[in-house]
>>> print(open('input-v2.pdb').read())   # PDB, C-alpha atoms, pLDDT in the B column
ATOM      1  CA  MET A   1     102.313 177.797 194.722  1.00 47.00           C
ATOM      2  CA  GLY A   2     101.712 174.363 193.295  1.00 51.00           C
ATOM      3  CA  GLY A   3      99.556 175.638 190.460  1.00 51.00           C
ATOM      4  CA  ASP A   4      96.509 174.039 188.991  1.00 63.00           C
ATOM      5  CA  PHE A   5      96.677 170.617 187.504  1.00 67.00           C
ATOM      6  CA  ILE A   6      94.372 169.509 184.755  1.00 74.00           C
ATOM      7  CA  LYS A   7      92.049 166.697 185.673  1.00 93.00           C
ATOM      8  CA  GLU A   8      91.594 164.549 182.621  1.00 95.00           C
ATOM      9  CA  LEU A   9      90.730 161.028 181.568  1.00 97.00           C
ATOM     10  CA  LYS A  10      91.096 159.191 178.290  1.00 98.00           C
ATOM     11  CA  ILE A  11      88.521 156.443 177.941  1.00 98.00           C
ATOM     12  CA  TYR A  12      88.416 153.829 175.178  1.00 98.00           C
ATOM     13  CA  LEU A  13      85.108 152.160 174.235  1.00 98.00           C
ATOM     14  CA  ALA A  14      85.707 148.517 173.315  1.00 98.00           C
ATOM     15  CA  GLY A  15      83.151 146.109 171.957  1.00 97.00           C
ATOM     16  CA  LYS A  16      82.087 143.954 169.071  1.00 96.00           C
ATOM     17  CA  MET A  17      81.799 145.607 165.666  1.00 93.00           C
ATOM     18  CA  SER A  18      82.126 142.846 163.090  1.00 90.00           C
ATOM     19  CA  GLY A  19      78.800 141.628 161.760  1.00 91.00           C
ATOM     20  CA  LEU A  20      76.861 144.475 163.373  1.00 93.00           C
ATOM     21  CA  SER A  21      75.072 147.365 161.713  1.00 92.00           C
ATOM     22  CA  PHE A  22      76.452 150.860 162.235  1.00 91.00           C
ATOM     23  CA  GLU A  23      73.602 151.534 164.677  1.00 95.00           C
ATOM     24  CA  GLU A  24      74.264 148.330 166.645  1.00 95.00           C
ATOM     25  CA  MET A  25      77.980 149.031 167.024  1.00 94.00           C
ATOM     26  CA  ASN A  26      77.561 152.723 167.775  1.00 96.00           C
ATOM     27  CA  SER A  27      74.362 153.301 169.794  1.00 97.00           C
ATOM     28  CA  TRP A  28      75.711 152.040 173.133  1.00 98.00           C
ATOM     29  CA  ARG A  29      78.955 153.959 172.579  1.00 98.00           C
ATOM     30  CA  LYS A  30      77.027 157.181 171.966  1.00 98.00           C
ATOM     31  CA  GLU A  31      74.990 156.586 175.136  1.00 98.00           C
ATOM     32  CA  VAL A  32      78.152 156.044 177.197  1.00 98.00           C
ATOM     33  CA  PHE A  33      79.752 159.169 175.744  1.00 98.00           C
ATOM     34  CA  ASP A  34      76.709 161.343 176.466  1.00 98.00           C
ATOM     35  CA  LYS A  35      76.495 160.148 180.072  1.00 98.00           C
ATOM     36  CA  LEU A  36      80.249 160.444 180.668  1.00 98.00           C
ATOM     37  CA  LEU A  37      80.132 163.983 179.323  1.00 97.00           C
ATOM     38  CA  ILE A  38      77.571 164.951 181.964  1.00 97.00           C
ATOM     39  CA  VAL A  39      79.554 163.515 184.901  1.00 97.00           C
ATOM     40  CA  SER A  40      82.851 164.903 183.597  1.00 97.00           C
ATOM     41  CA  GLN A  41      81.343 168.389 183.557  1.00 96.00           C
ATOM     42  CA  ILE A  42      80.032 167.917 187.101  1.00 95.00           C
ATOM     43  CA  ALA A  43      83.473 166.754 188.274  1.00 95.00           C
ATOM     44  CA  ASP A  44      85.294 169.407 186.229  1.00 95.00           C
ATOM     45  CA  TYR A  45      87.241 166.824 184.254  1.00 95.00           C
ATOM     46  CA  GLN A  46      88.458 167.046 180.715  1.00 96.00           C
ATOM     47  CA  MET A  47      87.594 163.857 178.959  1.00 96.00           C
ATOM     48  CA  GLN A  48      88.654 162.268 175.716  1.00 97.00           C
ATOM     49  CA  VAL A  49      86.481 159.332 174.716  1.00 98.00           C
ATOM     50  CA  ILE A  50      87.775 157.189 171.890  1.00 97.00           C
ATOM     51  CA  ASN A  51      84.959 155.579 169.932  1.00 96.00           C
ATOM     52  CA  PRO A  52      86.630 153.419 167.275  1.00 94.00           C
ATOM     53  CA  VAL A  53      83.441 153.585 165.177  1.00 91.00           C
ATOM     54  CA  ASP A  54      84.161 157.298 164.623  1.00 89.00           C
ATOM     55  CA  TYR A  55      87.323 156.323 162.766  1.00 86.00           C
ATOM     56  CA  TYR A  56      86.896 152.841 161.373  1.00 79.00           C
ATOM     57  CA  ASN A  57      83.664 151.033 160.601  1.00 72.00           C
ATOM     58  CA  PHE A  58      82.425 148.637 157.984  1.00 70.00           C
ATOM     59  CA  GLU A  59      80.141 151.062 156.154  1.00 73.00           C
ATOM     60  CA  GLU A  60      82.759 153.677 155.268  1.00 76.00           C
ATOM     61  CA  LYS A  61      86.134 152.173 154.426  1.00 80.00           C
ATOM     62  CA  ARG A  62      88.667 154.854 155.349  1.00 81.00           C
ATOM     63  CA  TYR A  63      91.547 152.454 155.980  1.00 83.00           C
ATOM     64  CA  GLN A  64      94.001 150.756 153.651  1.00 87.00           C
ATOM     65  CA  SER A  65      94.764 147.669 155.729  1.00 89.00           C
ATOM     66  CA  GLU A  66      93.641 145.781 158.801  1.00 86.00           C
ATOM     67  CA  GLU A  67      97.095 146.440 160.273  1.00 92.00           C
ATOM     68  CA  GLU A  68      96.357 150.180 160.127  1.00 90.00           C
ATOM     69  CA  VAL A  69      93.114 149.677 162.077  1.00 88.00           C
ATOM     70  CA  GLU A  70      94.767 147.395 164.638  1.00 92.00           C
ATOM     71  CA  ASP A  71      97.681 149.768 165.209  1.00 94.00           C
ATOM     72  CA  TYR A  72      95.355 152.749 165.551  1.00 93.00           C
ATOM     73  CA  ASP A  73      92.970 151.054 167.990  1.00 95.00           C
ATOM     74  CA  LEU A  74      95.632 149.438 170.150  1.00 97.00           C
ATOM     75  CA  SER A  75      97.680 152.642 170.395  1.00 97.00           C
ATOM     76  CA  HIS A  76      94.597 154.338 171.845  1.00 97.00           C
ATOM     77  CA  VAL A  77      93.864 151.396 174.138  1.00 98.00           C
ATOM     78  CA  ILE A  78      97.314 151.395 175.739  1.00 97.00           C
ATOM     79  CA  SER A  79      97.361 155.183 176.122  1.00 97.00           C
ATOM     80  CA  SER A  80      93.953 155.302 177.833  1.00 97.00           C
ATOM     81  CA  ASN A  81      93.224 155.640 181.541  1.00 97.00           C
ATOM     82  CA  ILE A  82      90.175 153.374 181.394  1.00 98.00           C
ATOM     83  CA  VAL A  83      88.709 150.905 178.912  1.00 98.00           C
ATOM     84  CA  ILE A  84      84.948 150.327 178.926  1.00 98.00           C
ATOM     85  CA  VAL A  85      83.829 147.093 177.280  1.00 98.00           C
ATOM     86  CA  ASN A  86      80.386 145.880 176.281  1.00 98.00           C
ATOM     87  CA  LEU A  87      80.063 142.180 177.150  1.00 98.00           C
ATOM     88  CA  ASP A  88      77.417 141.630 174.468  1.00 97.00           C
ATOM     89  CA  GLY A  89      79.105 139.701 171.653  1.00 97.00           C
ATOM     90  CA  LEU A  90      82.510 139.689 173.350  1.00 97.00           C
ATOM     91  CA  ASN A  91      82.954 135.917 172.962  1.00 95.00           C
ATOM     92  CA  SER A  92      82.885 136.321 169.170  1.00 96.00           C
ATOM     93  CA  SER A  93      84.967 139.513 168.973  1.00 97.00           C
ATOM     94  CA  ASP A  94      88.651 138.692 168.650  1.00 95.00           C
ATOM     95  CA  GLY A  95      89.588 142.369 168.231  1.00 95.00           C
ATOM     96  CA  THR A  96      87.932 143.307 171.515  1.00 97.00           C
ATOM     97  CA  LYS A  97      89.675 140.417 173.260  1.00 98.00           C
ATOM     98  CA  LEU A  98      93.023 141.760 172.035  1.00 97.00           C
ATOM     99  CA  GLU A  99      92.141 145.250 173.244  1.00 98.00           C
ATOM    100  CA  ILE A 100      91.288 143.937 176.719  1.00 98.00           C
ATOM    101  CA  HIS A 101      94.468 141.907 176.872  1.00 97.00           C
ATOM    102  CA  ASP A 102      96.682 144.771 175.756  1.00 97.00           C
ATOM    103  CA  ALA A 103      95.091 147.208 178.204  1.00 97.00           C
ATOM    104  CA  LYS A 104      95.923 144.992 181.153  1.00 95.00           C
ATOM    105  CA  TYR A 105      99.184 143.488 179.898  1.00 95.00           C
ATOM    106  CA  HIS A 106     100.933 146.661 178.783  1.00 90.00           C
ATOM    107  CA  ASN A 107      99.825 149.292 181.267  1.00 91.00           C
ATOM    108  CA  LYS A 108      97.514 147.670 183.844  1.00 96.00           C
ATOM    109  CA  ILE A 109      94.679 149.874 182.588  1.00 97.00           C
ATOM    110  CA  PRO A 110      91.369 149.231 184.377  1.00 98.00           C
ATOM    111  CA  VAL A 111      88.891 147.426 182.140  1.00 98.00           C
ATOM    112  CA  ILE A 112      85.310 148.023 183.216  1.00 98.00           C
ATOM    113  CA  ALA A 113      82.728 145.824 181.551  1.00 98.00           C
ATOM    114  CA  PHE A 114      78.965 146.001 181.502  1.00 98.00           C
ATOM    115  CA  GLY A 115      76.259 143.549 180.598  1.00 98.00           C
ATOM    116  CA  ASN A 116      74.584 140.370 181.654  1.00 96.00           C
ATOM    117  CA  GLN A 117      76.534 138.481 184.353  1.00 96.00           C
ATOM    118  CA  GLU A 118      75.955 135.221 182.436  1.00 97.00           C
ATOM    119  CA  LEU A 119      77.921 136.639 179.493  1.00 97.00           C
ATOM    120  CA  TYR A 120      80.820 137.340 181.845  1.00 97.00           C
ATOM    121  CA  GLU A 121      80.639 133.852 183.391  1.00 97.00           C
ATOM    122  CA  LYS A 122      80.888 132.257 179.915  1.00 96.00           C
ATOM    123  CA  LEU A 123      84.120 134.058 179.038  1.00 97.00           C
ATOM    124  CA  HIS A 124      87.418 132.191 179.025  1.00 96.00           C
ATOM    125  CA  PRO A 125      89.072 132.480 182.476  1.00 97.00           C
ATOM    126  CA  TRP A 126      92.059 134.333 180.998  1.00 96.00           C
ATOM    127  CA  LEU A 127      89.746 136.953 179.544  1.00 97.00           C
ATOM    128  CA  ARG A 128      87.780 137.291 182.809  1.00 97.00           C
ATOM    129  CA  ARG A 129      91.090 137.811 184.633  1.00 97.00           C
ATOM    130  CA  ASN A 130      91.763 140.873 182.485  1.00 97.00           C
ATOM    131  CA  ILE A 131      88.459 142.558 183.353  1.00 98.00           C
ATOM    132  CA  THR A 132      88.746 144.731 186.460  1.00 97.00           C
ATOM    133  CA  ARG A 133      85.059 145.192 187.229  1.00 98.00           C
ATOM    134  CA  VAL A 134      81.676 144.160 185.819  1.00 98.00           C
ATOM    135  CA  GLU A 135      78.592 146.347 186.100  1.00 98.00           C
ATOM    136  CA  LYS A 136      75.022 145.551 185.068  1.00 98.00           C
ATOM    137  CA  ASN A 137      74.534 148.494 182.734  1.00 98.00           C
ATOM    138  CA  ILE A 138      75.911 151.727 181.317  1.00 98.00           C
ATOM    139  CA  ASP A 139      74.523 153.871 184.130  1.00 98.00           C
ATOM    140  CA  ASP A 140      76.371 151.788 186.715  1.00 98.00           C
ATOM    141  CA  VAL A 141      79.640 152.049 184.734  1.00 98.00           C
ATOM    142  CA  VAL A 142      79.328 155.823 184.476  1.00 98.00           C
ATOM    143  CA  SER A 143      78.517 156.126 188.197  1.00 98.00           C
ATOM    144  CA  TYR A 144      81.508 153.963 189.087  1.00 98.00           C
ATOM    145  CA  ILE A 145      83.891 156.013 186.941  1.00 98.00           C
ATOM    146  CA  HIS A 146      82.500 159.234 188.363  1.00 97.00           C
ATOM    147  CA  GLU A 147      82.862 158.061 191.973  1.00 97.00           C
ATOM    148  CA  PHE A 148      86.210 156.283 191.734  1.00 97.00           C
ATOM    149  CA  TYR A 149      88.098 158.133 189.019  1.00 97.00           C
ATOM    150  CA  MET A 150      86.726 161.674 188.999  1.00 95.00           C
ATOM    151  CA  ILE A 151      85.997 162.539 192.628  1.00 87.00           C
TER
END
>>> encode(input="input-v2.pdb", output="structure tokens")
Amino acid sequence: MGGDFIKELKIYLAGKMSGLSFEEMNSWRKEVFDKLLIVSQIADYQMQVINPVDYYNFEEKRYQSEEEVEDYDLSHVISSNIVIVNLDGLNSSDGTKLEIHDAKYHNKIPVIAFGNQELYEKLHPWLRRNITRVEKNIDDVVSYIHEFYMI
């Protein structure tokens, strides 16, 4: 007998944080998590969603250095199966740009973005090259992940 294998995904939620309120940086991430949880239960997948706001944010300083935050975030990025990125504010978010680059460069991790197509078109060509797929909204991202990575 081959035995059962555990179906699991680790998903990292990338997006602008600097200059945003806690609610602005976290509300879309919470929505993605809630919707991914539903489809993961339907598909019988174990899912770990890394929301960097849960660990490091600008309202509650739990870190001692920026290097600590960078190392923590990027270690999760390169050990994920999928990175979801919010295009809103991406042009002014150097940290998110590094996360996208490292996901593709180190492990060829799919980067699935969502947001206005015009925001995507305005990105530097090198950054666009590192984004695997662009969807209009969170629902479309969750449907795509469910269909292509869980079924």
>>> closest_residue(input="input-v2.pdb", among="A:Pro110, A:Ser79, A:Thr96, A:Gln46", to="Phe148 (chain A)", atoms="all atoms listed in the file")
A:Pro110
>>> closest_residue(input="input-v2.pdb", among="A:Glu66, A:Asp94, A:Asp44, A:Asp88", to="Asn137 (chain A)", atoms="only C-alpha atoms")
A:Asp88
>>> residues_around(input="input-v2.pdb", residues="region 124-132 of chain A", least_positions_apart="4", cutoff="7 Å", atoms="all atoms listed in the file", output="PyMOL selection string")
chain A and resi 100-101+104+110-113
>>> resolve_selection(input="input-v2.pdb", expression="the PyMOL selection byres ((chain A and resi 19) around 12)", output="list in words")
Gly15, Lys16, Met17, Ser18, Leu20, Ser21, Phe22, Glu23, Glu24, Met25, Asn57, Phe58, Glu59, Gly89, Ser92 and Ser93 of chain A
>>> residues_around(input="input-v2.pdb", residues="Met47 (chain A)", least_positions_apart="4", cutoff="7 Å", atoms="only C-alpha atoms", output="ChimeraX atom specification")
/A:8-10,40
>>> atom_distance(input="input-v2.pdb", atom1="CA of Ala103 (chain A)", atom2="CA of Val77 (chain A)")
6.0 Å
>>> residues_near_point(input="input-v2.pdb", point="(82.4, 151.8, 172.5)", cutoff="9 Å", atoms="only C-alpha atoms", output="VMD selection string")
chain A and resid 12 to 16 25 to 30 32 to 33 49 to 53 84 to 86
>>> closest_residue(input="input-v2.pdb", among="A:Glu135, A:Ile11, A:Tyr56, A:Tyr45", to="Ile109 (chain A)", atoms="all atoms listed in the file")
A:Ile11
>>> closest_residue(input="input-v2.pdb", among="A:Phe114, A:Lys97, A:Tyr63, A:Ile82", to="His146 (chain A)", atoms="all atoms listed in the file")
A:Ile82
>>> axis_aligned_box(input="input-v2.pdb", around="region 77-96 of chain A", padding_each_side="4 Å", output="JSON")
{"center_x": 87.4, "center_y": 145.8, "center_z": 174.9, "size_x": 27.9, "size_y": 27.7, "size_z": 21.3}
>>> closest_residue(input="input-v2.pdb", among="A:Ile78, A:Lys7, A:Ile138, A:Gly115", to="Gln41 (chain A)", atoms="only C-alpha atoms")
A:Lys7
>>> atom_distance(input="input-v2.pdb", atom1="CA of Asn81 (chain A)", atom2="CA of Lys61 (chain A)")
28.2 Å
>>> atom_distance(input="input-v2.pdb", atom1="CA of Tyr72 (chain A)", atom2="CA of Glu60 (chain A)")
16.3 Å
>>> closest_residue(input="input-v2.pdb", among="A:Lys136, A:Tyr105, A:His76, A:Glu31", to="Tyr120 (chain A)", atoms="only C-alpha atoms")
A:Lys136
>>> residues_around(input="input-v2.pdb", residues="Glu147 (chain A)", least_positions_apart="4", cutoff="12 Å", atoms="all atoms listed in the file", output="ChimeraX atom specification")
/A:36,39-40,42-43,140-143,151
